[in-house]
file protein-v5.txt (compact mmCIF, C-alpha atoms)
# COMPACT_ATOMS: atom_id res chain seq x y z
CA MET A 1 133.41 92.79 160.35
CA GLU A 2 132.04 90.19 162.72
CA GLU A 3 128.65 91.81 162.51
CA ARG A 4 128.84 91.68 158.71
CA SER A 5 129.75 88.01 158.66
CA TYR A 6 127.06 87.30 161.21
CA MET A 7 124.58 89.03 158.92
CA GLN A 8 125.66 86.91 156.00
CA GLU A 9 125.19 83.75 158.02
CA ASP A 10 121.84 85.02 159.11
CA ASP A 11 120.97 85.68 155.51
CA GLN A 12 121.91 82.18 154.54
CA CYS A 13 119.70 80.76 157.27
CA LEU A 14 116.82 82.97 156.28
CA ILE A 15 117.23 82.06 152.61
CA ALA A 16 117.09 78.38 153.48
CA MET A 17 113.92 78.96 155.48
CA CYS A 18 112.39 80.91 152.62
CA LYS A 19 113.15 78.08 150.24
CA ALA A 20 111.29 75.80 152.63
CA GLY A 21 108.22 78.06 152.27
CA ASP A 22 108.48 80.12 155.42
CA GLU A 23 106.91 83.50 154.74
CA GLU A 24 108.02 84.87 158.11
CA ALA A 25 111.63 84.34 157.09
CA PHE A 26 111.05 86.42 154.00
CA SER A 27 109.50 89.17 156.10
CA ARG A 28 112.59 89.16 158.30
CA LEU A 29 114.83 89.35 155.26
CA MET A 30 112.91 92.41 154.12
CA ALA A 31 113.12 94.03 157.54
CA VAL A 32 116.88 93.53 157.66
CA HIS A 33 117.66 95.00 154.23
CA MET A 34 114.81 97.41 153.56
CA ASP A 35 116.42 100.56 154.97
CA ARG A 36 119.61 100.17 153.00
CA ILE A 37 117.81 99.34 149.77
CA TYR A 38 115.50 102.29 150.19
CA GLY A 39 118.46 104.55 150.97
CA LEU A 40 120.29 103.37 147.90
CA ALA A 41 117.19 103.84 145.74
CA TRP A 42 116.70 107.31 147.13
CA GLY A 43 120.36 108.11 146.55
CA VAL A 44 119.91 107.31 142.87
CA LEU A 45 116.38 108.55 142.28
CA HIS A 46 116.14 111.42 144.78
CA ASP A 47 112.42 110.87 145.05
CA ARG A 48 110.56 109.29 147.92
CA ASP A 49 107.75 107.61 146.00
CA GLU A 50 110.06 106.37 143.29
CA ALA A 51 112.43 105.00 145.91
CA LEU A 52 109.56 103.21 147.66
CA ASP A 53 108.42 101.68 144.38
CA ALA A 54 111.97 100.63 143.60
CA THR A 55 112.35 99.02 147.03
CA GLN A 56 109.14 97.12 146.52
CA GLU A 57 110.25 95.92 143.08
CA VAL A 58 113.61 94.77 144.39
CA PHE A 59 112.05 92.59 147.08
CA ILE A 60 109.54 91.14 144.65
CA LYS A 61 112.45 90.20 142.40
CA LEU A 62 114.18 88.69 145.42
CA ASN A 63 111.14 86.55 146.10
CA GLN A 64 111.14 85.37 142.51
CA ALA A 65 114.85 84.54 142.64
CA LEU A 66 114.89 82.88 146.05
CA PRO A 67 113.99 79.33 144.94
CA ARG A 68 117.20 79.17 142.87
CA PHE A 69 119.30 81.62 144.89
CA PRO A 70 122.60 80.07 146.07
CA GLU A 71 122.67 80.27 149.84
CA GLU A 72 126.40 80.95 149.94
CA ASN A 73 126.04 84.09 147.78
CA ASN A 74 126.21 87.54 149.34
CA LEU A 75 122.60 88.62 149.51
CA SER A 76 123.44 92.27 150.24
CA ALA A 77 125.60 92.53 147.14
CA TRP A 78 122.88 90.91 145.05
CA LEU A 79 120.25 93.28 146.43
CA TYR A 80 122.39 96.37 145.82
CA ARG A 81 123.19 95.33 142.29
CA VAL A 82 119.54 94.66 141.47
CA CYS A 83 118.50 97.90 143.11
CA LEU A 84 121.10 99.94 141.24
CA ASN A 85 120.20 98.44 137.89
CA HIS A 86 116.51 98.93 138.52
CA CYS A 87 116.95 102.53 139.67
CA ILE A 88 119.19 103.44 136.76
CA ASP A 89 116.70 101.96 134.30
CA ARG A 90 113.90 103.84 135.97
CA LYS A 91 115.93 107.03 135.92
CA ARG A 92 116.66 106.64 132.23
CA ARG A 93 112.98 106.29 131.49
CA ARG A 94 112.06 109.49 133.27
CA ARG A 95 115.21 111.47 132.53
CA ASN A 96 113.66 113.73 129.92
CA VAL A 97 110.68 114.51 132.10
CA GLU A 98 112.84 115.29 135.08
CA PHE A 99 115.23 117.61 133.31
CA ASN A 100 112.50 119.49 131.51
CA LEU A 101 110.76 120.43 134.71
CA PRO A 102 110.67 124.15 135.39
CA GLU A 103 112.45 125.38 138.45
CA GLU A 104 109.33 126.07 140.47
CA ASP A 105 108.13 122.48 140.01
CA TRP A 106 111.12 120.96 141.70
CA GLU A 107 109.71 121.34 145.20
CA ARG A 108 106.39 119.87 144.08
CA PHE A 109 108.11 117.02 142.28
CA GLU A 110 110.20 116.04 145.27
CA SER A 111 108.41 114.86 148.35
CA PRO A 112 109.52 116.37 151.66
CA GLU A 113 111.71 114.19 153.80
CA SER A 114 111.11 115.88 157.12
CA ASN A 115 112.82 113.11 159.07
CA ASP A 116 115.95 113.32 157.01
CA PRO A 117 118.66 115.51 158.52
CA GLY A 118 120.17 116.14 155.11
CA TRP A 119 116.87 116.94 153.40
CA HIS A 120 116.90 120.67 153.92
CA SER A 121 120.40 121.00 152.54
CA GLN A 122 119.42 118.73 149.64
CA ASN A 123 116.36 120.82 148.93
CA SER A 124 118.44 123.93 148.45
CA GLU A 125 119.89 125.07 145.18
CA LEU A 126 123.14 123.34 146.06
CA GLY A 127 121.23 120.15 146.76
CA ARG A 128 119.58 120.22 143.33
CA GLU A 129 122.90 120.93 141.69
CA ILE A 130 124.49 118.04 143.55
CA ARG A 131 121.75 115.72 142.34
CA ARG A 132 122.19 116.92 138.79
CA ALA A 133 125.94 116.48 139.02
CA VAL A 134 125.57 112.95 140.38
CA ASP A 135 122.97 112.12 137.76
CA THR A 136 125.30 113.14 134.94
CA LEU A 137 127.97 110.70 136.06
CA PRO A 138 128.43 107.57 133.99
CA ASP A 139 126.62 104.55 135.40
CA ARG A 140 129.66 102.81 136.87
CA GLN A 141 131.01 105.97 138.47
CA ARG A 142 127.60 106.80 139.86
CA MET A 143 127.15 103.33 141.33
CA VAL A 144 130.55 103.43 142.99
CA PHE A 145 130.07 106.94 144.29
CA ILE A 146 126.60 106.29 145.74
CA LEU A 147 127.57 102.99 147.32
CA ARG A 148 130.66 104.49 148.91
CA HIS A 149 129.50 107.99 149.67
CA TYR A 150 126.39 106.83 151.51
CA GLU A 151 128.54 104.31 153.35
CA LEU A 152 126.57 101.41 152.07
CA MET A 153 129.62 99.36 151.11
CA SER A 154 133.38 99.33 151.27
CA LEU A 155 135.38 99.44 148.06
CA ASP A 156 136.12 95.73 148.28
CA GLU A 157 132.45 94.94 148.63
CA ILE A 158 131.64 97.25 145.74
CA ALA A 159 134.19 95.41 143.64
CA VAL A 160 132.48 92.12 144.46
CA THR A 161 129.07 93.59 143.77
CA LEU A 162 130.01 95.09 140.41
CA GLY A 163 132.20 92.18 139.42
CA CYS A 164 135.41 94.14 138.91
CA SER A 165 138.73 94.67 140.69
CA THR A 166 139.26 96.98 143.62
CA GLY A 167 141.67 99.01 141.52
CA ALA A 168 138.97 99.59 138.94
CA VAL A 169 136.61 100.71 141.71
CA LYS A 170 139.21 103.17 142.96
CA ALA A 171 139.66 104.54 139.47
CA HIS A 172 135.89 104.98 139.06
CA LEU A 173 135.72 106.78 142.40
CA ALA A 174 138.61 109.08 141.46
CA ARG A 175 136.93 110.05 138.17
CA ALA A 176 133.62 110.58 139.92
CA THR A 177 135.13 112.91 142.51
CA SER A 178 137.00 114.79 139.80
CA SER A 179 133.80 115.31 137.78
CA LEU A 180 131.88 116.42 140.85
CA ARG A 181 134.63 118.84 141.77
CA LYS A 182 134.55 120.44 138.33
CA ARG A 183 130.77 120.68 138.42
CA LEU A 184 130.32 121.90 141.97
CA GLU A 185 133.48 123.88 142.63
CA SER A 186 131.73 127.18 142.00
CA TYR A 187 129.29 126.42 144.83
CA VAL A 188 132.10 125.55 147.19
CA TYR A 189 134.14 128.59 146.21
CA PRO A 190 131.56 131.24 145.21
CA GLN A 191 134.22 133.92 144.84
CA SER A 192 135.39 132.25 141.64
CA GLY A 193 132.54 134.00 139.76
CA ARG A 194 131.17 130.85 138.12
CA VAL A 195 128.08 130.50 140.29
CA GLU A 196 125.57 131.99 137.90
CA ARG A 197 126.82 129.96 134.97
CA TYR A 198 126.37 126.68 136.88
CA ALA A 199 123.11 127.77 138.38
CA ARG A 200 121.56 128.33 134.94
CA MET A 201 122.62 124.97 133.53
CA MET B 1 157.56 107.58 143.36
CA ARG B 2 154.52 107.60 141.09
CA GLY B 3 153.51 110.40 138.74
CA CYS B 4 150.52 112.76 138.99
CA GLU B 5 148.31 110.82 136.60
CA LYS B 6 149.02 107.52 138.28
CA LEU B 7 148.32 108.87 141.75
CA ALA B 8 145.25 110.80 140.61
CA GLU B 9 143.55 107.42 140.14
CA LEU B 10 143.77 107.00 143.92
CA TYR B 11 142.63 110.45 145.08
CA GLY B 12 138.98 109.42 145.35
CA ALA B 13 139.80 106.42 147.50
CA TYR B 14 142.24 108.57 149.49
CA ILE B 15 139.50 111.09 150.32
CA TYR B 16 137.27 108.25 151.54
CA GLY B 17 140.11 106.63 153.47
CA GLU B 18 140.12 103.48 151.32
CA VAL B 19 143.78 103.25 150.35
CA THR B 20 146.45 100.93 151.61
CA LEU B 21 149.29 102.16 153.77
CA GLU B 22 151.72 102.05 150.87
CA GLU B 23 149.36 104.03 148.65
CA LYS B 24 148.77 106.56 151.40
CA ARG B 25 152.50 107.08 151.89
CA ASP B 26 153.04 107.61 148.16
CA ILE B 27 150.18 110.10 148.01
CA LEU B 28 151.38 112.13 150.97
CA ASP B 29 154.91 112.27 149.59
CA HIS B 30 153.60 113.42 146.24
CA LEU B 31 151.27 116.04 147.67
CA GLU B 32 154.15 117.61 149.56
CA ALA B 33 156.04 118.04 146.32
CA CYS B 34 153.19 118.78 143.84
CA GLU B 35 151.12 121.88 144.55
CA LYS B 36 148.74 121.23 141.67
CA CYS B 37 147.75 117.82 143.02
CA ARG B 38 147.50 119.23 146.52
CA VAL B 39 144.98 121.85 145.34
CA ASP B 40 143.10 119.21 143.43
CA VAL B 41 142.78 116.92 146.43
CA GLU B 42 141.70 119.78 148.68
CA ALA B 43 139.03 120.89 146.20
CA ARG B 44 137.67 117.35 145.86
CA ARG B 45 137.53 116.94 149.60
CA ALA B 46 135.69 120.25 150.00
CA VAL B 47 133.08 119.28 147.40
CA ILE B 48 132.56 115.81 148.84
CA ASP B 49 132.18 117.27 152.30
CA LYS B 50 129.38 119.48 150.97
CA ILE B 51 127.45 116.47 149.72
CA PRO B 52 125.45 115.10 152.63
CA ASN B 53 125.85 111.39 153.09
CA ALA B 54 122.82 110.87 155.28
CA LEU B 55 120.27 108.78 153.50
CA PRO B 56 116.61 109.18 154.39
CA ARG B 57 115.22 106.53 156.62
CA LEU B 58 111.92 104.80 156.25
CA SER B 59 109.26 105.55 158.81
CA ASP B 60 107.44 102.65 160.41
CA ASP B 61 104.36 103.33 158.30
CA ASP B 62 106.40 103.32 155.12
CA ARG B 63 108.10 100.14 156.20
CA GLN B 64 104.80 98.39 156.76
CA ALA B 65 103.37 99.72 153.54
CA VAL B 66 106.32 98.43 151.54
CA ALA B 67 106.16 95.03 153.25
CA LEU B 68 102.44 94.71 152.58
CA ALA B 69 102.87 95.78 148.96
CA VAL B 70 105.65 93.25 148.45
CA MET B 71 103.67 90.41 150.00
CA SER B 72 100.57 91.24 148.00
CA GLY B 73 102.66 91.40 144.84
CA VAL B 74 104.21 88.05 145.68
CA ARG B 75 100.81 86.47 146.29
CA LYS B 76 99.51 87.91 143.04
CA GLN B 77 102.44 86.46 141.16
CA LYS B 78 101.92 83.08 142.81
CA GLU B 79 98.26 83.12 141.80
CA GLU B 80 99.16 84.01 138.26
CA ARG B 81 101.79 81.31 138.24
CA SER B 82 99.36 78.69 139.57
CA TRP B 83 96.74 79.79 137.04
CA TRP B 84 99.26 79.52 134.29
CA ARG B 85 100.38 76.11 135.49
CA THR B 86 96.77 74.99 135.26
CA VAL B 87 96.04 76.55 131.93
CA SER B 88 99.34 76.07 130.16
CA PRO B 89 99.02 72.28 129.64
CA LEU B 90 95.56 72.78 128.17
CA LEU B 91 96.82 75.57 125.95
CA GLN B 92 99.77 73.50 124.88
CA THR B 93 97.56 70.55 124.02
CA ALA B 94 95.12 72.77 122.18
CA SER B 95 97.88 74.48 120.26
CA VAL B 96 99.39 71.14 119.24
CA ALA B 97 95.99 69.85 118.14
CA ALA B 98 95.27 73.02 116.21
CA THR B 99 98.65 72.79 114.51
CA ILE B 100 98.00 69.19 113.48
CA VAL B 101 94.56 70.07 112.13
CA ILE B 102 95.92 73.02 110.20
CA VAL B 103 98.73 70.95 108.72
CA PHE B 104 96.39 68.15 107.63
CA ALA B 105 93.78 70.53 106.26
CA GLY B 106 96.41 72.46 104.37
CA GLY B 107 97.88 69.25 102.97
CA ALA B 108 94.49 68.00 101.88
CA MET B 109 93.62 71.27 100.21
CA PHE B 110 96.96 71.30 98.45
CA GLY B 111 96.42 67.73 97.29
CA PHE B 112 92.99 68.56 95.89
CA HIS B 113 94.46 71.57 94.18
CA LEU B 114 97.16 69.47 92.53
CA LYS B 115 94.61 66.87 91.50
CA ASP B 116 92.37 69.49 89.89
CA LYS B 117 95.35 71.04 88.17
CA ALA B 118 96.43 67.69 86.73
CA ARG B 119 92.89 66.91 85.58
CA MET B 120 92.62 70.25 83.82
CA ALA B 121 96.05 69.84 82.20
CA THR B 122 95.45 66.37 80.63
CA PRO B 123 92.98 66.37 77.70
CA PRO B 124 90.10 63.94 77.83
CA PRO B 125 90.44 60.78 75.71
CA MET B 126 89.36 60.91 72.09
CA PRO B 127 85.86 59.65 71.57
CA GLU B 128 86.17 56.37 69.81
CA THR B 129 82.67 56.34 68.48
CA ASN B 130 80.52 58.87 66.80
CA ALA B 131 78.46 59.22 69.90
CA PRO B 132 77.03 62.67 70.33
CA VAL B 133 79.13 64.92 72.52
CA THR B 134 77.02 66.61 75.08
CA HIS B 135 79.49 68.65 77.10
CA PRO B 136 80.63 71.89 75.43
CA ASN B 137 84.16 71.55 76.76
CA GLN B 138 84.52 68.18 75.11
CA ILE B 139 83.42 69.64 71.77
CA ASN B 140 86.05 72.30 71.94
CA GLU B 141 88.71 69.80 72.73
CA VAL B 142 87.76 67.07 70.28
CA ARG B 143 87.16 69.03 67.11
CA PRO B 144 90.64 70.47 66.66
CA GLN B 145 92.15 67.03 66.92
CA GLN B 146 89.90 65.77 64.18
CA GLU B 147 90.92 68.70 62.01
CA ILE B 148 94.62 68.27 62.71
CA VAL B 149 94.73 64.82 61.24
CA PRO B 150 94.82 65.91 57.54
CA GLU B 151 97.55 68.44 58.23
CA THR B 152 100.07 65.86 59.39
CA THR B 153 103.01 65.73 57.02
CA ALA B 154 104.48 62.50 58.28
CA GLU B 155 104.23 59.66 55.85
CA PRO B 156 101.63 57.18 56.88
CA ALA B 157 102.74 53.72 57.75
CA PRO B 158 102.11 51.06 55.13
CA ILE B 159 98.67 49.72 55.59
CA THR B 160 97.64 46.27 54.63
CA THR B 161 94.40 45.41 53.04
CA ALA B 162 93.04 44.07 56.23
CA ASP B 163 94.10 47.18 58.03
CA SER B 164 92.47 49.35 55.40
CA PHE B 165 89.35 47.36 55.72
CA ASP B 166 89.37 47.82 59.43
CA ARG B 167 89.81 51.54 59.00
CA GLN B 168 86.90 51.67 56.66
CA LEU B 169 84.85 49.82 59.13
CA THR B 170 85.79 52.20 61.91
CA GLY B 171 84.65 55.25 59.95
CA PRO B 172 82.02 57.61 61.18
CA GLY B 173 78.76 56.00 61.96
CA THR B 174 80.22 52.56 62.56
CA SER B 175 81.32 50.84 65.66
CA ARG B 176 84.80 49.49 66.19
CA LEU B 177 83.69 46.02 65.24
CA GLY B 178 82.18 47.36 62.07
CA TRP B 179 78.80 46.02 62.94
CA ASN B 180 76.04 48.09 61.57
CA PRO B 181 72.68 47.11 62.93
CA ARG B 182 70.93 49.17 60.25
CA SER B 183 72.49 47.16 57.47
CA ASP B 184 70.09 45.69 54.91
CA TRP B 185 72.30 42.60 54.61
CA THR B 186 72.90 43.09 50.92
CA ASN B 187 76.60 43.31 51.53
CA GLY B 188 76.54 41.49 54.81
CA PRO B 189 76.40 43.02 58.26
CA TRP B 190 79.53 45.06 57.44
CA SER B 191 77.71 47.25 54.99
CA ILE B 192 79.45 50.53 54.36
CA THR B 193 76.91 51.97 52.00
CA GLU B 194 74.72 52.52 54.97
CA GLU B 195 77.56 54.50 56.50
CA LYS B 196 77.84 56.78 53.55
CA ALA B 197 74.15 57.41 53.54
CA ASP B 198 74.24 58.25 57.19
CA ASP B 199 77.18 60.52 56.69
CA SER B 200 75.63 62.36 53.79
CA SER B 201 72.34 62.58 55.56
CA SER B 202 74.05 64.13 58.47
CA GLN B 203 75.67 66.62 56.16
CA VAL B 204 72.39 67.41 54.57
CA GLU B 205 70.84 67.85 57.90
CA SER B 206 73.52 70.29 58.87
CA LYS B 207 72.92 72.28 55.64
CA PRO B 208 69.25 71.93 54.76
CA GLU B 209 69.08 75.03 52.55
CA GLU B 210 71.77 73.85 50.11
CA PRO B 211 70.23 73.42 46.63
CA ALA B 212 69.92 69.93 45.33
CA PRO B 213 71.30 70.43 41.77
CA ASP B 214 74.64 71.56 43.16
CA GLY B 215 74.76 68.52 45.35
CA GLU B 216 74.17 66.31 42.33
CA LYS B 217 76.97 68.06 40.48
CA VAL B 218 79.29 67.47 43.34
CA LYS B 219 78.38 63.81 43.40
CA GLU B 220 79.08 63.51 39.69
CA GLN B 221 82.41 65.21 40.06
CA ASP B 222 83.29 62.89 42.89
CA LYS B 223 82.42 59.92 40.73
CA GLU B 224 84.69 61.22 37.99
CA ASN B 225 87.58 61.79 40.35
CA LYS B 226 87.31 58.43 41.98
CA PRO B 227 89.83 55.75 40.90
CA GLU B 228 88.47 52.66 39.36
CA ASP B 229 90.18 49.91 41.36
CA THR B 230 89.85 51.27 44.79
CA THR B 231 87.66 50.74 47.74
CA PRO B 232 83.95 50.47 47.42
CA VAL B 233 81.77 53.45 46.85
CA SER B 234 80.70 53.44 50.37
CA THR B 235 84.12 54.51 51.67
CA PRO B 236 83.78 57.63 53.73
CA PRO B 237 85.13 60.78 52.11
CA TYR B 238 87.58 61.51 54.87
CA LEU B 239 89.39 58.27 54.10
CA TRP B 240 89.75 59.28 50.48
CA ASN B 241 91.25 62.56 51.30
CA GLU B 242 93.50 61.11 53.89
CA GLN B 243 94.86 57.86 52.55
CA GLY B 244 92.43 56.61 49.89
CA THR B 245 94.20 55.65 46.68
CA GLU B 246 97.70 55.48 48.05
CA ASP B 247 96.65 53.06 50.74
CA SER B 248 94.95 50.86 48.24
CA ASN B 249 97.94 51.00 45.92
CA GLN B 250 100.34 50.13 48.67
CA SER B 251 98.22 47.34 49.82
CA VAL B 252 97.97 46.05 46.22
CA GLY B 253 101.65 46.30 45.69
CA GLN B 254 102.39 44.40 48.80
call {"tool": "encode", "arguments": {"input": "protein-v5.txt", "output": "structure tokens"}}
result
Amino acid sequence: MEERSYMQEDDQCLIAMCKAGDEEAFSRLMAVHMDRIYGLAWGVLHDRDEALDATQEVFIKLNQALPRFPEENNLSAWLYRVCLNHCIDRKRRRRNVEFNLPEEDWERFESPESNDPGWHSQNSELGREIRRAVDTLPDRQRMVFILRHYELMSLDEIAVTLGCSTGAVKAHLARATSSLRKRLESYVYPQSGRVERYARM
Amino acid sequence: MRGCEKLAELYGAYIYGEVTLEEKRDILDHLEACEKCRVDVEARRAVIDKIPNALPRLSDDDRQAVALAVMSGVRKQKEERSWWRTVSPLLQTASVAATIVIVFAGGAMFGFHLKDKARMATPPPMPETNAPVTHPNQINEVRPQQEIVPETTAEPAPITTADSFDRQLTGPGTSRLGWNPRSDWTNGPWSITEEKADDSSSQVESKPEEPAPDGEKVKEQDKENKPEDTTPVSTPPYLWNEQGTEDSNQSVGQ
């Protein structure tokens, strides 16, 4: 918690320096938040190049907004919200293309993440099904699930970021986990005999 | 003790360890009693555990590439913004000037259009003299008015002798003042006989092939039909047809 508050104070200082025209301060801001923004973009888009483009767009938008950005605002929350909205818009634009891809094109479509410990599990059939299940969640549920599941934010911070109450965030998370359970239960319990039906969806 | 539906709203947060102590106690008490909810929570936890939560990390090369791309994009936007700041005042001025020119030009064209429309709508003034009409449009507009005059059914206003005399003087071939420069001064400068000759000559000129004997017969008939105590012989025929004897009678009576 102290580290978090220290980061916010650091952000405020860096924002003030950016407003004064210091480009180095903006570079430091990017270095501090880039990994998390890229991770969030990848969590939504599941594509390396798309996530890199999204990260780039988010920081360009930050640079545009910095001159009138209130220093007391939570920069991390603002960045996550912008990143989520941008990624969801981008995902909507390419949704038809993505879901019409034949099965053998999935590996070619997704870039290998050799450094990622979870990549190989994600690249399996279960991984693709997980991505599909997450993608079919409503926007709010998906935002809450991604932000919490990838440990990017606590529920209170998510509530601040999305502008709703913590109770609403908990309800979104409960519905998201329920939907994922219904979608992925056959993979967790293969003996139920519903594997093939889910696999062909 | 809350019900299944109420507690189910907290199962997601419970799996992620984001519930309060009171909520956690309620959930645990309920799960001990409700097998259905217990199975549900266990299944959710198993699925969530299968979803890896490790996000990919950027390599140093990717990090530098993103930073360079962002800075280049920022510089490009600044250049575009500075270019626009330079050009926008000129464009604004030019657009305002163009708007003013268009408005004035449109207004002027509309004014000319209205002026032309009004000029075409109002007929030209009646020629007061017998001057030859040269423009074909004027001929078309003047002749019907001259022909309409006999068809008027309104009673003419009483005309005095002086008025009648003035009308005779303003017949075809005479000026408004009645001065006839071609007069032979037998009846003074106001000679009307000269007018009749001119008028008949003009008629003859318009119909040169008409035989002379018929013309003489017509003249004799006219002499027979003419009243005795009326205007001189030189009165133009159109005055006879229009007001001739009645005018003279009224004037005499008055």
call {"tool": "interface_residues", "arguments": {"input": "protein-v5.txt", "of": "chain A", "to": "chain B", "cutoff": "8 Å", "atoms": "only C-alpha atoms", "output": "ChimeraX atom specification"}}
result
/A:27,30,34-35,38-40,42-43,52,55-57,59-60,63,113,115-119,121-122,127,130,149-151,154-155,170-171,173-178,180-181,184-185,188
call {"tool": "atom_distance", "arguments": {"input": "protein-v5.txt", "atom1": "CA of Glu50 in chain A", "atom2": "CA of Val82 in chain A"}}
result
15.2 Å
call {"tool": "atom_distance", "arguments": {"input": "protein-v5.txt", "atom1": "CA of His172 in chain A", "atom2": "CA of Gln141 in chain A"}}
result
5.0 Å
call {"tool": "atom_distance", "arguments": {"input": "protein-v5.txt", "atom1": "CA of Arg128 in chain A", "atom2": "CA of Ala41 in chain A"}}
result
16.7 Å
call {"tool": "closest_residue", "arguments": {"input": "protein-v5.txt", "among": "A:Ala77, A:Ile88, A:Ile146, A:Ala65", "to": "Ala159 in chain A", "atoms": "only C-alpha atoms"}}
result
A:Ala77
call {"tool": "decode", "arguments": {"input": "protein-v5.txt", "residues": "range 40-88 of chain A", "atoms": "C-alpha atoms", "output": "PDB file, in the first residue's frame"}}
result
ATOM      1  CA  LEU A  40      -3.745  -5.555 -19.857  1.00  0.00           C
ATOM      2  CA  ALA A  41      -3.876  -5.049 -23.627  1.00  0.00           C
ATOM      3  CA  TRP A  42      -2.622  -8.559 -24.181  1.00  0.00           C
ATOM      4  CA  GLY A  43      -5.149  -9.909 -21.705  1.00  0.00           C
ATOM      5  CA  VAL A  44      -7.935  -8.384 -23.780  1.00  0.00           C
ATOM      6  CA  LEU A  45      -6.553  -8.830 -27.273  1.00  0.00           C
ATOM      7  CA  HIS A  46      -4.478 -12.005 -26.895  1.00  0.00           C
ATOM      8  CA  ASP A  47      -2.187 -10.838 -29.655  1.00  0.00           C
ATOM      9  CA  ARG A  48       1.308  -9.474 -29.279  1.00  0.00           C
ATOM     10  CA  ASP A  49       1.322  -6.986 -32.143  1.00  0.00           C
ATOM     11  CA  GLU A  50      -2.140  -5.730 -31.362  1.00  0.00           C
ATOM     12  CA  ALA A  51      -1.177  -5.322 -27.717  1.00  0.00           C
ATOM     13  CA  LEU A  52       1.945  -3.373 -28.696  1.00  0.00           C
ATOM     14  CA  ASP A  53      -0.101  -1.094 -30.941  1.00  0.00           C
ATOM     15  CA  ALA A  54      -2.638  -0.594 -28.183  1.00  0.00           C
ATOM     16  CA  THR A  55       0.093   0.276 -25.683  1.00  0.00           C
ATOM     17  CA  GLN A  56       1.526   2.795 -28.084  1.00  0.00           C
ATOM     18  CA  GLU A  57      -1.889   4.370 -28.668  1.00  0.00           C
ATOM     19  CA  VAL A  58      -2.584   4.622 -24.950  1.00  0.00           C
ATOM     20  CA  PHE A  59       0.629   6.529 -24.274  1.00  0.00           C
ATOM     21  CA  ILE A  60       0.044   8.836 -27.218  1.00  0.00           C
ATOM     22  CA  LYS A  61      -3.377   9.607 -25.779  1.00  0.00           C
ATOM     23  CA  LEU A  62      -1.733  10.207 -22.412  1.00  0.00           C
ATOM     24  CA  ASN A  63       0.615  12.711 -24.002  1.00  0.00           C
ATOM     25  CA  GLN A  64      -2.331  14.493 -25.572  1.00  0.00           C
ATOM     26  CA  ALA A  65      -4.211  14.588 -22.269  1.00  0.00           C
ATOM     27  CA  LEU A  66      -1.301  15.568 -20.040  1.00  0.00           C
ATOM     28  CA  PRO A  67      -1.557  19.364 -20.448  1.00  0.00           C
ATOM     29  CA  ARG A  68      -5.034  19.299 -18.866  1.00  0.00           C
ATOM     30  CA  PHE A  69      -4.622  16.185 -16.728  1.00  0.00           C
ATOM     31  CA  PRO A  70      -5.368  16.856 -13.026  1.00  0.00           C
ATOM     32  CA  GLU A  71      -2.265  15.970 -11.067  1.00  0.00           C
ATOM     33  CA  GLU A  72      -4.261  14.604  -8.137  1.00  0.00           C
ATOM     34  CA  ASN A  73      -6.019  12.028 -10.345  1.00  0.00           C
ATOM     35  CA  ASN A  74      -4.986   8.384 -10.277  1.00  0.00           C
ATOM     36  CA  LEU A  75      -2.915   7.979 -13.401  1.00  0.00           C
ATOM     37  CA  SER A  76      -2.952   4.166 -13.261  1.00  0.00           C
ATOM     38  CA  ALA A  77      -6.736   4.074 -13.170  1.00  0.00           C
ATOM     39  CA  TRP A  78      -6.916   6.516 -16.071  1.00  0.00           C
ATOM     40  CA  LEU A  79      -4.443   4.468 -18.101  1.00  0.00           C
ATOM     41  CA  TYR A  80      -6.278   1.193 -17.457  1.00  0.00           C
ATOM     42  CA  ARG A  81      -9.610   2.682 -18.375  1.00  0.00           C
ATOM     43  CA  VAL A  82      -8.262   4.156 -21.602  1.00  0.00           C
ATOM     44  CA  CYS A  83      -6.486   0.925 -22.422  1.00  0.00           C
ATOM     45  CA  LEU A  84      -9.578  -1.198 -21.791  1.00  0.00           C
ATOM     46  CA  ASN A  85     -11.809   1.025 -23.885  1.00  0.00           C
ATOM     47  CA  HIS A  86      -9.279   1.120 -26.688  1.00  0.00           C
ATOM     48  CA  CYS A  87      -8.749  -2.647 -26.645  1.00  0.00           C
ATOM     49  CA  ILE A  88     -12.451  -3.415 -26.561  1.00  0.00           C
TER      50      ILE A  88
END
